[in-house]
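Asker: I have a structure I would like to understand better, so I am pasting it below and will then ask my questions one at a time.
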Amino acid sequence: MARYTGAVCRQCRREGQKLFLKGERCYSDKCALARRSFAPGQHGQARKKSSEYGIQMRAKQKAKRYYGVLESQFAKYFDMAENRAGMAGENLLKILESRLDNVVYRAGFGMSRRQARQLVLHRHFTVNGERVNIPSYLVKPGDVVAVHGSACDKIKENVELNSARPTPMWMSMDKDNLKATINRLPERSEIDLDVEEQLIVELYSK
């Protein structure tokens, strides 16, 4: 299974903003962006001019990094979004939000999407009673995501640490039984990420 294995803090520095890829570390003084607020590499501190294409590319790269998706899969999601009724950009974000690893993160079961992906890979979750270990599994309205296995104590600890994080309006939580029910797909206004989806649409429309 293809995935990014490099230093994730470099991704935040490249985008010039926190992508919250490492959970608690992103809120501490250890955050790499707080210590070195410039792009990585030899020319990271050089002033650069961005073309229209460059701005669109950065919007796409930022979205990919938020959700931990590689290029081929992101392009596949965009094709799916274009074939659905409605605006392609909003459809794309809804598809990305409905990934199982993102749902686990949004529910507070994981401290970051990266940790949520690992928990899913280790078979700690079920969807409608069936164990699923595919982070890219797309949930649907009515699906119930529940914790399964020996990681319950760790996940309960994550839920307590994430108690200040609001539960998305498009899902309902049963924290006592560690279950999340998907009521519907999110609206664009409910997705709190700094993503300019229209720039992504323009890039793929070239």
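A note on labels: chains of the structure tokens are A, B, ... as shown, every chain counts residues from 1, and ligands are counted from 1 in their shown order.
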Using only C-alpha atoms, what table do you get, as CSV, when you list each residue of segment 71-151 of chain A with an atom no more than 8 Å from segment 167-170 of chain A, its nearest pair of atoms, and their distance in Å rounded to one decimal, rows by chain then rising number?
Answerer:
residue,atom,partner,partner_atom,distance
A:Arg106,CA,A:Thr167,CA,6.9
A:Ala107,CA,A:Thr167,CA,6.3
A:Gly108,CA,A:Thr167,CA,7.8
Asker: Residues at most 12 Å from Glu82 of chain A, counting only C-alpha atoms, excluding those fewer than 5 positions away in the same chain, as a list in words?
Answerer: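 The filter keeps Ala75, Lys76, Tyr77, Met87, Ala88, Gly89, Glu90, Asn91, Leu92, Leu93, Ile95, Ile200, Val201, Tyr204 and Ser205 of chain A.
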Asker: For the residues selected in the previous step, produce a file with N, CA, C and O atoms as a compact mmCIF listing (two decimals), in the first residue's frame.
Answerer:
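Heads up, here's the output in selection.txt:
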# COMPACT_ATOMS: atom_id res chain seq x y z
N ALA A 75 -6.38 11.99 -7.67
CA ALA A 75 -6.94 12.15 -9.02
C ALA A 75 -8.19 11.28 -9.20
O ALA A 75 -9.17 11.69 -9.84
N LYS A 76 -8.15 10.09 -8.63
CA LYS A 76 -9.33 9.20 -8.71
C LYS A 76 -10.52 9.83 -7.99
O LYS A 76 -11.64 9.79 -8.49
N TYR A 77 -10.27 10.41 -6.81
CA TYR A 77 -11.35 11.07 -6.08
C TYR A 77 -11.92 12.24 -6.87
O TYR A 77 -13.13 12.48 -6.84
N MET A 87 -21.37 20.59 -7.30
CA MET A 87 -20.10 21.23 -7.60
C MET A 87 -18.94 20.26 -7.33
O MET A 87 -18.88 19.65 -6.25
N ALA A 88 -18.05 20.13 -8.31
CA ALA A 88 -16.98 19.14 -8.22
C ALA A 88 -16.09 19.38 -7.00
O ALA A 88 -15.68 18.44 -6.33
N GLY A 89 -15.78 20.64 -6.71
CA GLY A 89 -14.89 20.94 -5.58
C GLY A 89 -15.49 20.52 -4.25
O GLY A 89 -14.80 19.91 -3.42
N GLU A 90 -16.75 20.83 -4.04
CA GLU A 90 -17.41 20.43 -2.81
C GLU A 90 -17.57 18.91 -2.73
O GLU A 90 -17.40 18.31 -1.66
N ASN A 91 -17.89 18.30 -3.86
CA ASN A 91 -17.99 16.83 -3.89
C ASN A 91 -16.66 16.18 -3.51
O ASN A 91 -16.63 15.17 -2.80
N LEU A 92 -15.56 16.76 -3.98
CA LEU A 92 -14.24 16.23 -3.68
C LEU A 92 -13.98 16.24 -2.17
O LEU A 92 -13.52 15.25 -1.60
N LEU A 93 -14.30 17.36 -1.52
CA LEU A 93 -14.08 17.46 -0.08
C LEU A 93 -14.98 16.49 0.68
O LEU A 93 -14.57 15.92 1.69
N ILE A 95 -16.00 13.59 -0.38
CA ILE A 95 -15.42 12.25 -0.55
C ILE A 95 -14.24 12.07 0.40
O ILE A 95 -14.11 11.05 1.08
N ILE A 200 -8.33 23.82 -7.10
CA ILE A 200 -8.06 22.43 -7.48
C ILE A 200 -8.85 22.07 -8.74
O ILE A 200 -8.33 21.42 -9.66
N VAL A 201 -10.10 22.51 -8.80
CA VAL A 201 -10.93 22.26 -9.99
C VAL A 201 -10.29 22.92 -11.20
O VAL A 201 -10.21 22.31 -12.29
N TYR A 204 -7.26 20.84 -12.44
CA TYR A 204 -7.58 19.61 -13.14
C TYR A 204 -8.34 19.88 -14.44
O TYR A 204 -8.48 18.98 -15.27
N SER A 205 -8.85 21.09 -14.60
CA SER A 205 -9.61 21.42 -15.80
C SER A 205 -8.73 21.92 -16.94
O SER A 205 -9.22 22.19 -18.03
Asker: As a compact mmCIF listing (two decimals) with N, CA, C and O atoms, in the first residue's frame, please: the residues near segment 140-143 of chain A (cut-off 12 Å, only C-alpha atoms, same-chain neighbours under 5 positions excluded).
Answerer:
# COMPACT_ATOMS: atom_id res chain seq x y z
N LYS A 94 -16.20 16.30 0.21
CA LYS A 94 -17.11 15.36 0.87
C LYS A 94 -16.57 13.93 0.77
O LYS A 94 -16.66 13.15 1.73
N ILE A 95 -16.00 13.59 -0.38
CA ILE A 95 -15.42 12.25 -0.55
C ILE A 95 -14.24 12.07 0.40
O ILE A 95 -14.11 11.05 1.08
N GLU A 97 -13.67 13.63 3.20
CA GLU A 97 -14.16 13.59 4.58
C GLU A 97 -14.78 12.24 4.92
O GLU A 97 -14.81 11.86 6.10
N SER A 98 -15.27 11.52 3.92
CA SER A 98 -15.94 10.25 4.20
C SER A 98 -14.97 9.07 4.24
O SER A 98 -15.40 7.93 4.45
N ARG A 99 -13.66 9.32 4.06
CA ARG A 99 -12.68 8.25 4.25
C ARG A 99 -12.73 7.77 5.70
O ARG A 99 -12.90 8.56 6.63
N LEU A 100 -12.53 6.48 5.90
CA LEU A 100 -12.65 5.90 7.24
C LEU A 100 -11.60 6.50 8.19
O LEU A 100 -11.91 6.79 9.35
N VAL A 103 -12.87 9.83 9.31
CA VAL A 103 -14.00 9.69 10.23
C VAL A 103 -13.51 9.32 11.63
O VAL A 103 -13.98 9.86 12.63
N THR A 126 -14.68 -1.40 13.39
CA THR A 126 -15.67 -2.09 12.56
C THR A 126 -16.58 -1.06 11.91
O THR A 126 -16.78 0.04 12.45
N VAL A 127 -17.13 -1.41 10.77
CA VAL A 127 -18.16 -0.60 10.11
C VAL A 127 -19.38 -1.51 9.96
O VAL A 127 -19.31 -2.54 9.29
N ASN A 128 -20.45 -1.15 10.65
CA ASN A 128 -21.67 -1.96 10.65
C ASN A 128 -21.39 -3.39 11.12
O ASN A 128 -21.94 -4.35 10.58
N GLY A 129 -20.50 -3.50 12.10
CA GLY A 129 -20.20 -4.80 12.68
C GLY A 129 -19.13 -5.60 11.98
O GLY A 129 -18.69 -6.64 12.51
N GLU A 130 -18.65 -5.16 10.83
CA GLU A 130 -17.62 -5.87 10.08
C GLU A 130 -16.28 -5.14 10.24
O GLU A 130 -16.21 -3.93 10.05
N TRP A 170 -22.42 16.28 11.27
CA TRP A 170 -22.90 15.24 10.36
C TRP A 170 -22.73 13.84 10.92
O TRP A 170 -23.05 12.85 10.25
N MET A 171 -22.23 13.73 12.14
CA MET A 171 -22.17 12.42 12.78
C MET A 171 -22.61 12.56 14.23
O MET A 171 -22.60 13.65 14.80
N SER A 172 -23.03 11.47 14.83
CA SER A 172 -23.40 11.46 16.24
C SER A 172 -22.52 10.46 16.98
O SER A 172 -22.18 9.41 16.44
N LYS A 179 -18.69 4.55 19.74
CA LYS A 179 -19.33 4.39 18.44
C LYS A 179 -19.62 5.75 17.82
O LYS A 179 -19.93 6.71 18.53
N ALA A 180 -19.52 5.82 16.50
CA ALA A 180 -19.87 7.04 15.76
C ALA A 180 -20.82 6.64 14.64
O ALA A 180 -20.53 5.71 13.88
N THR A 181 -21.95 7.33 14.54
CA THR A 181 -22.94 7.05 13.49
C THR A 181 -22.90 8.17 12.46
O THR A 181 -22.96 9.35 12.82
N ILE A 182 -22.77 7.81 11.20
CA ILE A 182 -22.74 8.80 10.13
C ILE A 182 -24.17 9.13 9.74
O ILE A 182 -24.88 8.31 9.17
N ASN A 183 -24.61 10.33 10.07
CA ASN A 183 -25.99 10.74 9.78
C ASN A 183 -26.15 11.20 8.34
O ASN A 183 -27.19 10.97 7.72
N ARG A 184 -25.13 11.86 7.82
CA ARG A 184 -25.16 12.39 6.45
C ARG A 184 -23.74 12.80 6.09
O ARG A 184 -22.85 12.79 6.93
N LEU A 185 -23.54 13.15 4.82
CA LEU A 185 -22.24 13.68 4.42
C LEU A 185 -22.18 15.16 4.80
O LEU A 185 -23.22 15.83 4.85
N PRO A 186 -21.00 15.69 5.08
CA PRO A 186 -20.90 17.08 5.55
C PRO A 186 -21.20 18.10 4.46
O PRO A 186 -21.00 17.84 3.26
